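Enquirer: If it helps, the file is called target.tsv and holds TSV, C-alpha atoms:
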chain	number	residue	atom	x	y	z
A	7	MET	CA	-11.21	28.05	-15.81
A	8	GLN	CA	-8.95	27.00	-12.97
A	9	ALA	CA	-8.76	29.43	-10.06
A	10	PRO	CA	-5.36	31.09	-9.56
A	11	ALA	CA	-3.17	29.62	-6.85
A	12	PRO	CA	-3.29	31.44	-3.50
A	13	VAL	CA	-0.41	33.87	-2.90
A	14	LEU	CA	1.80	33.44	0.16
A	15	GLY	CA	3.65	36.52	1.35
A	16	ARG	CA	7.04	36.69	3.02
A	17	ARG	CA	5.67	36.45	6.56
A	18	ALA	CA	3.38	33.54	5.70
A	19	LEU	CA	6.36	31.62	4.26
A	20	ASN	CA	8.43	32.57	7.30
A	21	ARG	CA	5.89	31.24	9.79
A	22	ALA	CA	5.42	28.02	7.81
A	23	LEU	CA	9.18	27.46	7.79
A	24	LEU	CA	9.56	28.20	11.51
A	25	ALA	CA	6.70	25.87	12.40
A	26	ARG	CA	8.23	22.96	10.50
A	27	GLN	CA	11.68	23.66	11.88
A	28	HIS	CA	10.27	23.71	15.43
A	29	LEU	CA	11.43	27.29	15.89
A	30	LEU	CA	8.02	28.71	16.83
A	31	ALA	CA	7.97	26.52	19.93
A	32	ARG	CA	10.46	23.99	21.18
A	33	HIS	CA	9.38	20.46	20.29
A	34	GLU	CA	9.23	17.39	22.52
A	35	ALA	CA	10.95	14.65	20.55
A	36	SER	CA	13.98	12.42	20.64
A	37	VAL	CA	17.15	13.60	18.95
A	38	LEU	CA	16.88	10.73	16.48
A	39	ASP	CA	13.32	11.69	15.52
A	40	GLU	CA	14.29	15.34	15.12
A	41	VAL	CA	17.29	14.57	12.91
A	42	THR	CA	15.01	12.35	10.81
A	43	HIS	CA	12.34	15.05	10.49
A	44	LEU	CA	14.84	17.75	9.51
A	45	VAL	CA	16.44	15.44	6.91
A	46	GLY	CA	19.72	15.96	8.68
A	47	LEU	CA	21.48	18.95	10.21
A	48	GLN	CA	24.27	20.94	8.65
A	49	ALA	CA	27.40	19.82	10.49
A	50	GLN	CA	30.47	21.30	8.82
A	51	ALA	CA	31.43	22.60	12.25
A	52	PRO	CA	31.27	19.68	14.71
A	53	TRP	CA	29.36	21.52	17.44
A	54	SER	CA	26.75	23.24	15.25
A	55	PRO	CA	24.11	20.48	15.58
A	56	TYR	CA	24.14	20.87	19.36
A	57	THR	CA	23.08	24.51	19.17
A	58	ALA	CA	20.60	23.70	16.40
A	59	LEU	CA	18.93	21.05	18.55
A	60	TRP	CA	19.08	23.15	21.73
A	61	SER	CA	17.02	25.80	19.95
A	62	ARG	CA	14.47	23.28	18.67
A	63	LEU	CA	13.96	20.64	21.38
A	64	ALA	CA	12.72	20.74	24.96
A	65	PRO	CA	14.33	19.12	26.71
A	66	PHE	CA	17.62	18.54	24.88
A	67	SER	CA	20.55	16.65	26.37
A	68	PRO	CA	23.84	16.94	24.44
A	69	THR	CA	24.88	13.55	25.77
A	70	GLU	CA	21.93	12.02	23.90
A	71	LEU	CA	23.39	13.20	20.59
A	72	GLY	CA	26.90	12.15	21.63
A	73	ASP	CA	25.65	8.67	22.50
A	74	LEU	CA	23.93	8.37	19.13
A	75	LEU	CA	27.19	9.23	17.37
A	76	VAL	CA	29.18	6.71	19.36
A	77	GLY	CA	26.43	4.13	18.94
A	78	ARG	CA	26.44	4.65	15.14
A	79	GLU	CA	22.75	5.58	15.03
A	80	VAL	CA	23.68	8.94	13.50
A	81	ALA	CA	26.78	9.91	11.54
A	82	ARG	CA	28.45	12.97	10.03
A	83	VAL	CA	28.58	12.44	6.28
A	84	ALA	CA	28.74	14.69	3.21
A	85	ALA	CA	25.38	14.66	1.43
A	86	MET	CA	23.24	17.61	0.28
A	87	ARG	CA	25.32	20.18	-1.59
A	88	SER	CA	28.28	17.87	-0.84
A	89	THR	CA	28.54	19.43	2.63
A	90	VAL	CA	28.84	17.53	5.89
A	91	HIS	CA	25.50	16.75	7.54
A	92	LEU	CA	24.50	14.96	10.69
A	93	LEU	CA	22.28	12.15	9.37
A	94	THR	CA	20.52	9.12	10.75
A	95	ALA	CA	22.19	5.83	9.83
A	96	ASP	CA	19.43	5.10	7.30
A	97	ASP	CA	19.85	8.51	5.64
A	98	ALA	CA	23.65	8.18	5.68
A	99	LEU	CA	23.21	5.09	3.50
A	100	LEU	CA	20.72	6.81	1.19
A	101	LEU	CA	21.35	10.52	0.75
A	102	PRO	CA	25.04	10.39	-0.31
A	103	VAL	CA	24.06	7.86	-3.00
A	104	LEU	CA	21.20	10.06	-4.16
A	105	THR	CA	23.46	13.13	-4.32
A	106	ALA	CA	26.59	11.40	-5.66
A	107	ALA	CA	26.49	13.51	-8.82
A	108	VAL	CA	27.15	16.62	-6.72
A	109	GLY	CA	30.41	15.17	-5.41
A	110	GLU	CA	31.44	14.03	-8.87
A	111	ARG	CA	30.93	17.58	-10.16
A	112	GLY	CA	33.22	18.78	-7.38
A	113	VAL	CA	35.99	16.53	-8.70
A	114	ARG	CA	35.43	16.93	-12.43
A	115	GLY	CA	34.91	20.69	-12.30
A	116	LYS	CA	37.53	23.42	-12.11
A	117	GLY	CA	39.20	23.77	-8.74
A	118	PRO	CA	42.51	24.03	-6.90
A	119	PHE	CA	43.26	20.33	-7.48
A	120	SER	CA	42.04	20.06	-11.07
A	121	ASP	CA	45.48	19.47	-12.59
A	122	THR	CA	46.01	16.37	-10.45
A	123	LEU	CA	42.48	14.96	-10.44
A	124	HIS	CA	41.67	15.45	-14.12
A	125	ALA	CA	44.68	13.33	-15.04
A	126	LEU	CA	43.49	10.35	-12.99
A	127	ASP	CA	41.05	7.51	-13.53
A	128	LEU	CA	38.50	8.59	-10.91
A	129	ALA	CA	36.96	5.15	-10.58
A	130	GLU	CA	40.40	3.78	-9.77
A	131	LEU	CA	41.00	6.57	-7.25
A	132	ALA	CA	37.67	5.88	-5.55
A	133	ALA	CA	38.36	2.14	-5.38
A	134	ALA	CA	41.81	2.72	-3.89
A	135	GLY	CA	40.44	5.14	-1.32
A	136	ARG	CA	37.68	2.71	-0.33
A	137	GLU	CA	40.14	-0.16	0.08
A	138	ILE	CA	42.48	1.90	2.28
A	139	LEU	CA	39.79	3.45	4.50
A	140	GLU	CA	37.85	0.23	5.01
A	141	ALA	CA	41.03	-1.49	6.14
A	142	GLU	CA	41.87	1.32	8.58
A	143	PRO	CA	40.08	4.62	9.34
A	144	MET	CA	42.53	7.50	9.00
A	145	THR	CA	42.95	11.24	8.77
A	146	PRO	CA	42.80	13.00	5.39
A	147	ALA	CA	46.54	13.72	5.60
A	148	ARG	CA	47.38	10.07	6.20
A	149	LEU	CA	45.02	8.98	3.42
A	150	GLY	CA	46.72	11.36	1.02
A	151	GLU	CA	50.13	9.92	1.86
A	152	ARG	CA	48.86	6.37	1.33
A	153	LEU	CA	47.35	7.29	-2.02
A	154	ARG	CA	50.57	8.97	-3.07
A	155	GLU	CA	52.28	5.59	-2.85
A	156	ARG	CA	50.17	4.64	-5.87
A	157	TRP	CA	50.23	8.02	-7.61
A	158	PRO	CA	53.67	9.50	-6.79
A	159	GLN	CA	53.11	12.58	-8.93
A	160	GLY	CA	49.92	13.57	-7.11
A	161	ALA	CA	49.85	15.98	-4.19
A	162	PRO	CA	48.55	14.12	-1.11
A	163	GLU	CA	45.96	16.78	-0.33
A	164	ALA	CA	44.62	16.61	-3.91
A	165	LEU	CA	44.27	12.84	-3.80
A	166	ALA	CA	42.48	12.90	-0.44
A	167	HIS	CA	40.26	15.71	-1.70
A	168	GLY	CA	39.20	13.58	-4.64
A	169	VAL	CA	38.30	10.60	-2.46
A	170	ARG	CA	36.30	12.82	-0.11
A	171	TYR	CA	34.09	13.90	-3.03
A	172	LEU	CA	33.86	10.49	-4.69
A	173	LEU	CA	32.96	8.39	-1.64
A	174	ALA	CA	30.45	8.62	1.20
A	175	LEU	CA	32.79	9.09	4.15
A	176	VAL	CA	31.90	9.16	7.84
A	177	GLN	CA	33.80	11.44	10.21
A	178	THR	CA	34.15	9.03	13.10
A	179	PRO	CA	33.91	9.75	16.84
A	180	PRO	CA	35.23	11.02	19.16
A	181	ARG	CA	35.10	14.08	16.87
A	182	ALA	CA	31.82	15.95	17.45
A	183	VAL	CA	31.00	14.02	20.65
A	184	TRP	CA	30.00	16.44	23.43
A	185	GLY	CA	32.75	16.88	26.00
A	186	ARG	CA	35.38	15.13	23.89
A	187	SER	CA	37.73	16.11	21.08
A	188	GLY	CA	39.30	14.37	18.14
A	189	ALA	CA	40.82	14.88	14.72
A	190	THR	CA	38.90	14.29	11.49
A	191	VAL	CA	39.16	10.57	10.78
A	192	TRP	CA	37.44	9.03	7.76
A	193	THR	CA	36.02	5.66	6.89
A	194	THR	CA	33.22	4.60	4.56
A	195	THR	CA	29.56	4.42	5.52
A	196	ARG	CA	29.61	0.72	4.70
A	197	ALA	CA	32.49	0.01	7.07
A	198	TRP	CA	31.17	2.24	9.88
A	199	LEU	CA	27.50	1.30	9.77
A	200	GLY	CA	27.94	-2.35	8.83
A	201	ARG	CA	25.43	-2.15	5.98
A	202	GLU	CA	25.59	-1.60	2.26
A	203	PRO	CA	24.54	1.80	0.93
A	204	GLU	CA	21.20	1.89	-0.88
A	205	ASP	CA	21.33	0.45	-4.39
A	206	LEU	CA	19.77	3.10	-6.64
A	207	ASP	CA	21.15	1.89	-9.95
A	208	ASP	CA	17.67	0.97	-11.18
A	209	PRO	CA	16.06	4.18	-12.51
A	210	GLU	CA	12.66	3.40	-11.00
A	211	THR	CA	14.19	2.75	-7.58
A	212	HIS	CA	16.24	5.95	-7.85
A	213	ASP	CA	13.24	8.06	-8.85
A	214	ALA	CA	11.07	6.61	-6.08
A	215	ALA	CA	13.75	7.42	-3.50
A	216	LEU	CA	14.13	10.96	-4.85
A	217	ARG	CA	10.38	11.54	-4.69
A	218	GLN	CA	10.26	10.48	-1.04
A	219	VAL	CA	13.17	12.76	-0.17
A	220	VAL	CA	11.48	15.70	-1.90
A	221	LEU	CA	8.32	15.07	0.16
A	222	ARG	CA	10.43	15.00	3.32
A	223	TYR	CA	12.05	18.28	2.30
A	224	LEU	CA	8.64	19.90	1.91
A	225	ALA	CA	7.61	18.62	5.35
A	226	ALA	CA	10.63	20.36	6.90
A	227	PHE	CA	11.17	23.38	4.61
A	228	GLY	CA	8.04	23.98	2.53
A	229	PRO	CA	6.21	25.56	0.84
A	230	ALA	CA	8.94	25.59	-1.80
A	231	SER	CA	9.61	26.09	-5.48
A	232	THR	CA	11.47	23.71	-7.74
A	233	ALA	CA	14.48	26.05	-7.48
A	234	ASP	CA	14.29	25.86	-3.69
A	235	VAL	CA	14.40	22.06	-3.70
A	236	GLN	CA	17.32	22.11	-6.13
A	237	ARG	CA	19.24	24.58	-3.98
A	238	TRP	CA	18.75	22.43	-0.88
A	239	ILE	CA	19.80	19.09	-2.35
A	240	GLY	CA	22.35	20.38	-4.86
A	241	LEU	CA	20.82	18.55	-7.85
A	242	THR	CA	19.32	20.09	-10.99
A	243	ARG	CA	16.47	19.28	-13.37
A	244	LEU	CA	14.00	18.38	-10.64
A	245	ALA	CA	10.97	20.00	-12.30
A	246	PRO	CA	9.71	16.60	-13.58
A	247	VAL	CA	9.90	15.23	-10.02
A	248	LEU	CA	7.69	18.02	-8.66
A	249	GLU	CA	5.37	17.70	-11.63
A	250	GLY	CA	5.03	13.98	-11.00
A	251	LEU	CA	4.09	14.69	-7.37
A	252	ARG	CA	1.56	17.41	-8.25
A	253	GLY	CA	-1.40	15.13	-7.53
A	254	GLU	CA	-0.17	14.66	-3.95
A	255	LEU	CA	0.58	18.34	-3.33
A	256	VAL	CA	-1.10	21.72	-3.15
A	257	ALA	CA	0.17	24.72	-5.09
A	258	PHE	CA	0.67	28.36	-4.11
A	259	ARG	CA	2.37	31.41	-5.58
A	260	ALA	CA	5.03	33.58	-4.03
A	261	GLU	CA	4.44	37.32	-4.09
A	262	SER	CA	5.25	39.20	-7.27
A	263	GLY	CA	8.74	40.65	-7.47
A	264	PRO	CA	9.68	44.31	-8.11
A	265	SER	CA	9.23	43.77	-11.86
A	266	GLY	CA	5.60	42.81	-11.35
A	267	ARG	CA	6.11	39.35	-12.80
A	268	PRO	CA	4.14	36.56	-11.09
A	269	GLY	CA	5.93	34.92	-8.18
A	270	ARG	CA	7.29	31.41	-8.43
A	271	GLU	CA	4.97	28.44	-8.06
A	272	LEU	CA	5.32	26.87	-4.62
A	273	PHE	CA	4.53	23.26	-3.77
A	274	ASP	CA	3.49	21.93	-0.38
A	275	LEU	CA	2.02	18.99	1.47
A	276	PRO	CA	-1.73	19.43	1.93
A	277	ASP	CA	-1.75	18.98	5.72
A	278	ALA	CA	1.54	20.70	6.57
A	279	PRO	CA	1.34	23.60	9.05
A	280	ARG	CA	0.95	27.07	7.59
A	281	PRO	CA	0.40	29.41	10.56
A	282	ALA	CA	-1.07	32.86	10.17
A	283	PRO	CA	1.51	35.53	9.24
A	284	GLU	CA	0.87	37.39	12.51
A	285	THR	CA	1.71	34.33	14.66
A	286	PRO	CA	4.24	35.43	17.32
A	287	ALA	CA	7.78	34.09	16.86
A	288	PRO	CA	10.24	33.94	19.77
A	289	VAL	CA	13.89	34.90	19.67
A	290	ARG	CA	15.95	31.92	18.54
A	291	PHE	CA	19.73	31.45	18.24
A	292	LEU	CA	20.95	29.39	15.27
A	293	PRO	CA	24.42	27.98	14.68
A	294	ASP	CA	26.66	28.85	11.76
A	295	PHE	CA	25.44	27.27	8.51
A	296	ASP	CA	22.04	26.26	9.88
A	297	ASN	CA	20.03	24.67	7.09
A	298	VAL	CA	17.11	26.99	7.74
A	299	LEU	CA	19.25	29.73	6.14
A	300	LEU	CA	20.67	27.65	3.27
A	301	SER	CA	17.85	25.53	1.90
A	302	HIS	CA	15.97	27.88	-0.44
A	303	ALA	CA	16.90	29.65	-3.64
A	304	ASP	CA	14.90	32.60	-2.33
A	305	ARG	CA	16.07	33.13	1.25
A	306	GLY	CA	13.94	36.23	1.71
A	307	ARG	CA	11.53	34.24	3.84
A	308	ILE	CA	14.06	34.36	6.69
A	309	VAL	CA	16.85	36.81	5.87
A	310	SER	CA	16.89	39.97	3.75
A	311	GLU	CA	19.46	40.29	0.99
A	312	ASP	CA	21.14	43.20	2.79
A	313	ASP	CA	21.43	41.22	6.02
A	314	ARG	CA	22.65	38.13	4.17
A	315	GLN	CA	25.45	40.16	2.61
A	316	ALA	CA	26.28	41.66	6.01
A	317	PHE	CA	26.99	38.10	7.18
A	318	ALA	CA	29.45	37.43	4.38
A	319	ARG	CA	33.04	36.81	5.45
A	320	ALA	CA	36.14	36.79	3.28
A	321	ASN	CA	36.97	33.23	4.36
A	322	GLY	CA	33.49	31.95	3.49
A	323	LEU	CA	32.59	31.32	7.12
A	324	THR	CA	29.44	32.67	8.70
A	325	PRO	CA	28.71	33.47	12.34
A	326	GLY	CA	25.74	32.16	14.23
A	327	SER	CA	22.54	34.09	13.61
A	328	VAL	CA	19.69	35.32	15.78
A	329	LEU	CA	16.05	35.35	14.71
A	330	VAL	CA	13.84	38.15	16.02
A	331	ASP	CA	10.19	38.05	14.97
A	332	GLY	CA	11.22	35.14	12.75
A	333	PHE	CA	13.88	36.94	10.70
A	334	VAL	CA	17.64	37.26	11.03
A	335	ALA	CA	18.37	40.34	13.13
A	336	ALA	CA	21.82	39.71	14.62
A	337	ALA	CA	24.98	37.62	14.57
A	338	TRP	CA	26.48	35.91	17.61
A	339	SER	CA	29.65	34.22	18.82
A	340	LEU	CA	30.92	32.82	22.11
A	341	ARG	CA	34.10	34.17	23.69
A	342	ARG	CA	35.90	32.45	26.56
A	343	ASP	CA	38.52	33.75	28.96
A	344	ARG	CA	39.86	32.06	32.07
A	345	ALA	CA	36.63	32.02	34.04
A	346	THR	CA	33.91	33.75	32.03
A	347	ALA	CA	31.98	32.77	28.91
A	348	THR	CA	30.57	35.78	27.08
A	349	LEU	CA	28.00	35.45	24.34
A	350	GLU	CA	28.48	38.44	22.05
A	351	VAL	CA	25.59	39.59	19.87
A	352	GLN	CA	26.08	42.04	16.99
A	353	LEU	CA	22.77	43.62	16.04
A	354	LEU	CA	21.95	44.23	12.38
A	355	ARG	CA	19.16	46.68	13.22
A	356	PRO	CA	17.77	48.42	16.30
A	357	LEU	CA	15.42	46.40	18.49
A	358	ALA	CA	12.50	47.30	20.70
A	359	ARG	CA	13.18	47.06	24.43
A	360	ALA	CA	11.09	43.90	24.83
A	361	GLU	CA	12.91	42.22	21.92
A	362	ARG	CA	16.29	43.14	23.38
A	363	ASP	CA	15.33	41.79	26.80
A	364	GLU	CA	14.12	38.52	25.28
A	365	MET	CA	17.34	38.25	23.27
A	366	ALA	CA	19.48	38.81	26.36
A	367	ALA	CA	17.64	36.09	28.29
A	368	GLU	CA	17.96	33.57	25.47
A	369	ALA	CA	21.63	34.50	24.97
A	370	GLU	CA	22.43	33.88	28.63
A	371	ALA	CA	20.69	30.51	28.51
A	372	LEU	CA	22.70	29.55	25.42
A	373	ALA	CA	25.95	30.68	27.04
A	374	ARG	CA	25.21	28.46	30.04
A	375	PHE	CA	24.50	25.55	27.72
A	376	LEU	CA	27.61	25.95	25.57
A	377	ALA	CA	29.97	26.76	28.45
A	378	GLU	CA	28.57	24.84	31.39
A	379	ASP	CA	32.04	24.61	32.93
A	380	ALA	CA	32.56	28.40	33.07
A	381	ASP	CA	32.47	30.10	36.47
A	382	ALA	CA	30.46	33.03	35.09
A	383	HIS	CA	28.34	33.77	32.03
A	384	ASP	CA	27.84	37.15	30.43
A	385	VAL	CA	26.02	38.66	27.46
A	386	ALA	CA	27.28	41.57	25.37
A	387	ILE	CA	24.85	43.10	22.86
A	388	VAL	CA	26.43	45.54	20.42
A	389	ASN	CA	24.15	48.00	18.65
A	390	ALA	CA	23.83	48.12	14.89
Would you put the structure from the file into structure tokens?
Expert:
Amino acid sequence: MQAPAPVLGRRALNRALLARQHLLARHEASVLDEVTHLVGLQAQAPWSPYTALWSRLAPFSPTELGDLLVGREVARVAAMRSTVHLLTADDALLLPVLTAAVGERGVRGKGPFSDTLHALDLAELAAAGREILEAEPMTPARLGERLRERWPQGAPEALAHGVRYLLALVQTPPRAVWGRSGATVWTTTRAWLGREPEDLDDPETHDAALRQVVLRYLAAFGPASTADVQRWIGLTRLAPVLEGLRGELVAFRAESGPSGRPGRELFDLPDAPRPAPETPAPVRFLPDFDNVLLSHADRGRIVSEDDRQAFARANGLTPGSVLVDGFVAAAWSLRRDRATATLEVQLLRPLARAERDEMAAEAEALARFLAEDADAHDVAIVNA
């Protein structure tokens, strides 16, 4: 009889995740290597990857990331969950193709632009958008106006919205380049990177690419269940993929839930780090929408359900978060006035004096990083 799979508790999963995300100790690596390892960084907000990398790398120079964007070695493209990610050029040509079904669901499903988009030939809309954007990069508003020349009855914002979900579009610099500013301007990955996207039409080629991406996910986010992988990438029906990889992986079980039912099966790479649950974890500041908070169906390994709901905002936005002992314990934001940059921290629970002191020191360092040009830097910690 086969022995039952070892059980991993919440703290064991937490420490494994932090180790792979380089949040137990800052990692010495190039920005390009780190973006590769993390399978991209959530980048809906243009400056989020800078904070994410500042908390993970030592040293980290924001100009290194800016140079990679300008040099087209990384790009901001919608991929997993159809959200904008900072990806290496190779991944920008692969991951949007692999996750194309997610974008198509966003167009074919029910939404604010359904009346316009459901009446169109989507292949024709995608082809028109590609032709326009490869001839001239442009803002979404300008793209919508150009598309309306062909579909006069369509609202420009609806037409641009459809193209954004149907095509792999790069948000071009200078947007998201440190020290610069710029509007959202789109072009295709093919036009920007000068290479064709990966051809995954052959089922064997597609499945091989998906298997490799799942293994990379486990290296950065594991141990994980099938549901976790699906939540991260935005695709469904991945159980056969994990089953096909079983011979290359090790299996664990999550702890039983309140009902007493066995925890979910968790898959992992055999040699991936799984530190002891009591391993110390430093205070770390994460940007809004950091993937470490979004890439599991069960997020209890890093944030409690009560704290997750406390972060909810009516507009769908989330503040930056602060990890204390590996778990979300506070929210943060940066406020600027004429001369002073203040990093404000809103605690979700009381902290020990040593934890509060460590948080204050890390907060001041982050304020100096984000607002280097300020004359003074301050920290305001508000009690729960």
Enquirer: Which residues of region 49-99 of chain A come within 9 Å of region 287-311 of chain A, and for each one, what is the closest pair of atoms and their distance in Å to one decimal, counting all atoms listed in the file, sorted by chain and residue number, as JSON lines?
Expert:
{"residue": "A:Ala49", "atom": "CA", "partner": "A:Phe295", "partner_atom": "CA", "distance": 8.0}
{"residue": "A:Gln50", "atom": "CA", "partner": "A:Phe295", "partner_atom": "CA", "distance": 7.8}
{"residue": "A:Ala51", "atom": "CA", "partner": "A:Asp294", "partner_atom": "CA", "distance": 7.9}
{"residue": "A:Trp53", "atom": "CA", "partner": "A:Pro293", "partner_atom": "CA", "distance": 8.6}
{"residue": "A:Ser54", "atom": "CA", "partner": "A:Pro293", "partner_atom": "CA", "distance": 5.3}
{"residue": "A:Pro55", "atom": "CA", "partner": "A:Pro293", "partner_atom": "CA", "distance": 7.6}
{"residue": "A:Tyr56", "atom": "CA", "partner": "A:Pro293", "partner_atom": "CA", "distance": 8.5}
{"residue": "A:Thr57", "atom": "CA", "partner": "A:Pro293", "partner_atom": "CA", "distance": 5.8}
{"residue": "A:Ala58", "atom": "CA", "partner": "A:Leu292", "partner_atom": "CA", "distance": 5.8}
{"residue": "A:Ser61", "atom": "CA", "partner": "A:Arg290", "partner_atom": "CA", "distance": 6.4}
{"residue": "A:Arg62", "atom": "CA", "partner": "A:Arg290", "partner_atom": "CA", "distance": 8.8}
Enquirer: Okay, now the selection with C-alpha atoms, as a compact mmCIF listing (two decimals), in the frame of the given file?
Expert:
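File written: out_39.txt
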# COMPACT_ATOMS: atom_id res chain seq x y z
CA ALA A 49 27.40 19.82 10.49
CA GLN A 50 30.47 21.30 8.82
CA ALA A 51 31.43 22.60 12.25
CA TRP A 53 29.36 21.52 17.44
CA SER A 54 26.75 23.24 15.25
CA PRO A 55 24.11 20.48 15.58
CA TYR A 56 24.14 20.87 19.36
CA THR A 57 23.08 24.51 19.17
CA ALA A 58 20.60 23.70 16.40
CA SER A 61 17.02 25.80 19.95
CA ARG A 62 14.47 23.28 18.67
Enquirer: Just the number, please: distance in Å from CA of Leu175 (chain A) to CA of Phe227 (chain A), one decimal.
Expert: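 For CA of Leu175 (chain A) relative to CA of Phe227 (chain A), the distance reads 25.9 Å.
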Enquirer: Can you measure CA of Gly112 (chain A) to CA of Leu100 (chain A) for me? One decimal in Å is fine.
Expert: 19.3 Å
Enquirer: With distances taken over only C-alpha atoms, which of A:Pro209, A:Gly15, A:Gly168, A:Pro246 is nearest to Leu131 (chain A)?
Expert: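 Closest residue, counting only C-alpha atoms: A:Gly168.
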Enquirer: Report the centre and edge lengths, in Å to one decimal, of an axis-aligned box enclosing every atom of region 198-214 of chain A listed in the file, padded by 5 Å on each side, as JSON.
Expert:
{"center_x": 21.1, "center_y": 2.9, "center_z": -1.3, "size_x": 30.1, "size_y": 20.4, "size_z": 32.4}
